[in-house]
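In what follows, a structure is listed as structure tokens, so that the remarks can point back to it.
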Amino acid sequence: MFQTSTKDGVITLTLSRPPVNAISEEWVRGFEAKLDEFASGPQFKVLHIRSDQKIFCAGADLKEVRARMEMTDGHERMYAYVAAIQRLYFRVEEMPQVTLAEIGGAAMGGGFELALSCDLRVAANEAKVGLPEARLGLIPGAGGTQRIIRQIPPCRAKEIMFTGEQISAEEAVAIGLANRVVPKEQVLTVAKEIAGKIATKSSLVLKLLKRTLRDGADMPLSAALPYEQAMIGLVLDTADAHEGCSAFLEKRKANFAGR
């Protein structure tokens with residue numbers, strides 16, 4: 001279901017559950033196992049998530065969902081299933097490394113919720129994204145209602161969820177749901193280029209910067225500014241800060257050590 005490769009500080013995790021990367025209980029467990037593997041393995045700076053199918057991820061496996069709902073303890077099973085996906089996506093969101101979703105095709109429901117939990121999103125021009133759960137008599141349950149409304153104007157987020165409409169890649173970029181839209185044949189190349197640029201930076205600085213952005217977003221400005229100042233104080237004492245400034249003045253490439 002998953003394939004991985006590592007190069008120059010970037011781990012590429014390829015979703016591979018034909019034909020549409022539908023999310024099953026086994027898929028969730030497999031994804032969790034990969035994150036465990038990454039956490040205990042060699043250091044890296046970027047997690048690049050992509051698909052080898054025509055679409056990125058179609059969301060929940062509806063055959064499995066319906067079968068679970070028809071069981072005598074269906075409510076409890078569904079609650080546990082949704083909770084497991086929420087935990088998985090929160091774990092992706094909280095990773096100290098930068099996460100990048102390469103959306104080469106449709107990303108619907110839980111598939112789009114996975115992309116929303118990533119820091120960056122690059123989409124192919126033919127890709128579509130959306131939260132269509134209302135069309136199925138359901139609501140998004142893997143963090144979609146909370147993440148989308150924190151990233152775009154609430155009125156637009158509500159329209160997307162109330163109607164269950166599909167959003168083009170171009171509109172996703174225009175309203176702030178994706179970083180870039182590129183031709184289908186270039187999406188992998190562009191995603192790798194962005195990941196590669198990020199991977200040249202200090203792993204320590206990336207971790208502290210991500211933490212500052214995430215934590216500060218939930219604070220009033222009066223608290224967020226001193227928090228940022230405290231983080232700057234941490235960075236100034238690092239070997240990487242000295243190396244970065246020296247490299248700039250000496251007109252050479254910085255050799256960051258992550259400390």
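We label chains A, B, ... in the order they appear in the structure tokens, count residues from 1 in each chain, and number ligands from 1 in the order shown.
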- Task: Could you please write out, as an MDAnalysis selection string, every residue of region 155-219 of chain A that DSSP assigns to helix (DSSP H, G or I)?
- Result: chainID A and resid 155:163 169:175 184:199 203:217
Got time to write the residues from that selection, C-alpha atoms, as a compact mmCIF listing (two decimals), in the first residue's frame?
# COMPACT_ATOMS: atom_id res chain seq x y z
CA CYS A 155 -17.94 31.62 4.09
CA ARG A 156 -16.09 29.84 1.28
CA ALA A 157 -15.19 26.89 3.51
CA LYS A 158 -18.86 26.49 4.46
CA GLU A 159 -19.99 26.64 0.84
CA ILE A 160 -17.50 23.91 -0.12
CA MET A 161 -18.75 21.63 2.66
CA PHE A 162 -22.48 22.45 2.42
CA THR A 163 -22.57 21.82 -1.35
CA ALA A 169 -6.67 23.12 -8.77
CA GLU A 170 -6.66 26.66 -10.09
CA GLU A 171 -9.33 27.77 -7.62
CA ALA A 172 -7.63 25.86 -4.80
CA VAL A 173 -4.54 28.01 -5.35
CA ALA A 174 -6.60 31.19 -5.75
CA ILE A 175 -8.38 30.77 -2.40
CA LYS A 184 0.20 17.19 -14.81
CA GLU A 185 3.49 16.10 -16.36
CA GLN A 186 5.42 18.59 -14.21
CA VAL A 187 3.81 18.08 -10.81
CA LEU A 188 6.33 15.48 -9.59
CA THR A 189 9.27 17.56 -10.79
CA VAL A 190 7.98 20.73 -9.12
CA ALA A 191 7.19 18.92 -5.87
CA LYS A 192 10.71 17.49 -5.81
CA GLU A 193 12.20 20.92 -6.54
CA ILE A 194 10.33 22.53 -3.64
CA ALA A 195 11.21 19.67 -1.29
CA GLY A 196 14.83 19.88 -2.41
CA LYS A 197 15.04 23.61 -1.71
CA ILE A 198 13.63 23.12 1.77
CA ALA A 199 16.01 20.24 2.46
CA SER A 203 16.77 20.86 10.15
CA LEU A 204 16.78 22.61 13.52
CA VAL A 205 15.64 25.91 12.04
CA LEU A 206 12.88 24.18 10.03
CA LYS A 207 11.65 22.47 13.20
CA LEU A 208 11.65 25.67 15.26
CA LEU A 209 10.11 27.71 12.45
CA LYS A 210 7.30 25.20 12.00
CA ARG A 211 6.66 25.17 15.75
CA THR A 212 6.64 28.98 15.89
CA LEU A 213 4.13 29.23 13.05
CA ARG A 214 1.88 26.51 14.45
CA ASP A 215 1.85 27.59 18.08
CA GLY A 216 1.70 31.30 17.33
CA ALA A 217 -1.39 30.90 15.17
- Message: When you look at region 28-32 of chain A with a cut-off of 9 Å (counting only C-alpha atoms), what residues show up, excluding the ones that are within fewer than 6 positions of it in the same chain? I need them as a list in words.
- Response: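 Near region 28-32 of chain A, the qualifying residues are Met1, Phe2, Tyr81, Ala84, Ile85, Leu88 and Arg91 of chain A.
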Output of the above residues as a PDB file, in the first residue's frame, restricted to C-alpha atoms:
ATOM      1  CA  MET A   1       0.000   0.000   0.000  1.00  0.00           C
ATOM      2  CA  PHE A   2       2.976   2.303   0.538  1.00  0.00           C
ATOM      3  CA  TYR A  81     -12.310   4.157  12.613  1.00  0.00           C
ATOM      4  CA  ALA A  84      -7.912   6.450  14.151  1.00  0.00           C
ATOM      5  CA  ILE A  85      -7.802   8.562  10.973  1.00  0.00           C
ATOM      6  CA  LEU A  88      -3.038   9.701  12.009  1.00  0.00           C
ATOM      7  CA  ARG A  91       0.389  13.073  13.704  1.00  0.00           C
TER       8      ARG A  91
END
- Message: Counting only C-alpha atoms, which residue out of A:Ile167, A:Leu136, A:Val122, A:Met78 sits closest to Ser24 (chain A)?
- Response: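 So, comparing all the options, the nearest one is A:Met78.
Nearest residue to Ile103 (chain A) among A:Thr72, A:Ala115, A:Leu221, A:Gln3 is A:Ala115, counting only C-alpha atoms.
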- Using backbone DSSP assignments, extract all strand (DSSP E or B) residues from region 100-177 of chain A; output them as a list in words.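 The strand (DSSP E or B) residues within region 100-177 of chain A come out as Leu100, Ala101, Glu102, Ile103, Ala107, Met108, Leu120, Arg121, Val122, Ala123, Ala124, Lys128, Val129, Gly130, Gln166, Ile167 and Ser168 of chain A.
Counting only C-alpha atoms, the residue from A:Tyr89, A:Leu131, A:Leu177, A:Asn125 that sits nearest to Arg150 (chain A) is A:Leu177.
The gap separating CA of Ile139 (chain A) from CA of Val82 (chain A) is 11.2 Å, in Å to one decimal.
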- Query: Please, what distance in Å, to one decimal, runs between CA of Phe112 (chain A) and CA of Ala60 (chain A)?
  - Reply: 10.8 Å
- What does the distance between CA of Arg66 (chain A) and CA of Thr14 (chain A) come to in Å, to one decimal place? 26.9 Å
- Excluding region 35-48 of chain A and any residue of its chain fewer than 5 positions from it, enumerate the residues within 7 Å of it, using only C-alpha atoms, and give them as number ranges by chain. A: 9-13, 97-101, 195, 199, 203
- Considering only C-alpha atoms, return as an NGL selection string whatever protein or nucleic-acid residues lie within 12 Å of Tyr79 (chain A), sequence-local ones (same chain, fewer than 4 positions apart) excluded. :A and (65 or 68-69 or 73-75 or 83-86 or 141-142)
For the selection just defined, write its residues with N, CA and C atoms to a file, as a PDB file, in the first residue's frame.
ATOM      1  N   VAL A  65     -16.967   1.021   4.869  1.00  0.00           N
ATOM      2  CA  VAL A  65     -17.762   1.868   5.762  1.00  0.00           C
ATOM      3  C   VAL A  65     -19.176   1.321   5.888  1.00  0.00           C
ATOM      4  N   ARG A  68     -19.346  -1.852   7.884  1.00  0.00           N
ATOM      5  CA  ARG A  68     -19.143  -1.583   9.298  1.00  0.00           C
ATOM      6  C   ARG A  68     -20.406  -1.002   9.923  1.00  0.00           C
ATOM      7  N   MET A  69     -21.087  -0.113   9.198  1.00  0.00           N
ATOM      8  CA  MET A  69     -22.299   0.517   9.717  1.00  0.00           C
ATOM      9  C   MET A  69     -23.428  -0.490   9.911  1.00  0.00           C
ATOM     10  N   ASP A  73     -22.617  -3.513  16.251  1.00  0.00           N
ATOM     11  CA  ASP A  73     -21.860  -2.496  16.965  1.00  0.00           C
ATOM     12  C   ASP A  73     -21.266  -1.486  15.980  1.00  0.00           C
ATOM     13  N   GLY A  74     -22.014  -1.219  14.917  1.00  0.00           N
ATOM     14  CA  GLY A  74     -21.523  -0.365  13.841  1.00  0.00           C
ATOM     15  C   GLY A  74     -21.146   1.040  14.281  1.00  0.00           C
ATOM     16  N   HIS A  75     -21.935   1.622  15.166  1.00  0.00           N
ATOM     17  CA  HIS A  75     -21.650   2.985  15.622  1.00  0.00           C
ATOM     18  C   HIS A  75     -20.285   3.036  16.307  1.00  0.00           C
ATOM     19  N   ALA A  83     -11.786   8.021  14.574  1.00  0.00           N
ATOM     20  CA  ALA A  83     -10.813   8.485  15.562  1.00  0.00           C
ATOM     21  C   ALA A  83      -9.395   8.098  15.154  1.00  0.00           C
ATOM     22  N   ALA A  84      -9.233   6.905  14.575  1.00  0.00           N
ATOM     23  CA  ALA A  84      -7.912   6.450  14.151  1.00  0.00           C
ATOM     24  C   ALA A  84      -7.371   7.325  13.015  1.00  0.00           C
ATOM     25  N   ILE A  85      -8.234   7.700  12.071  1.00  0.00           N
ATOM     26  CA  ILE A  85      -7.802   8.562  10.973  1.00  0.00           C
ATOM     27  C   ILE A  85      -7.453   9.951  11.503  1.00  0.00           C
ATOM     28  N   GLN A  86      -8.256  10.458  12.428  1.00  0.00           N
ATOM     29  CA  GLN A  86      -7.957  11.766  13.027  1.00  0.00           C
ATOM     30  C   GLN A  86      -6.588  11.763  13.695  1.00  0.00           C
ATOM     31  N   GLY A 141     -14.863  13.888   8.814  1.00  0.00           N
ATOM     32  CA  GLY A 141     -14.561  13.467  10.176  1.00  0.00           C
ATOM     33  C   GLY A 141     -13.083  13.286  10.469  1.00  0.00           C
ATOM     34  N   ALA A 142     -12.217  13.633   9.509  1.00  0.00           N
ATOM     35  CA  ALA A 142     -10.781  13.451   9.716  1.00  0.00           C
ATOM     36  C   ALA A 142     -10.074  14.795   9.817  1.00  0.00           C
TER      37      ALA A 142
END
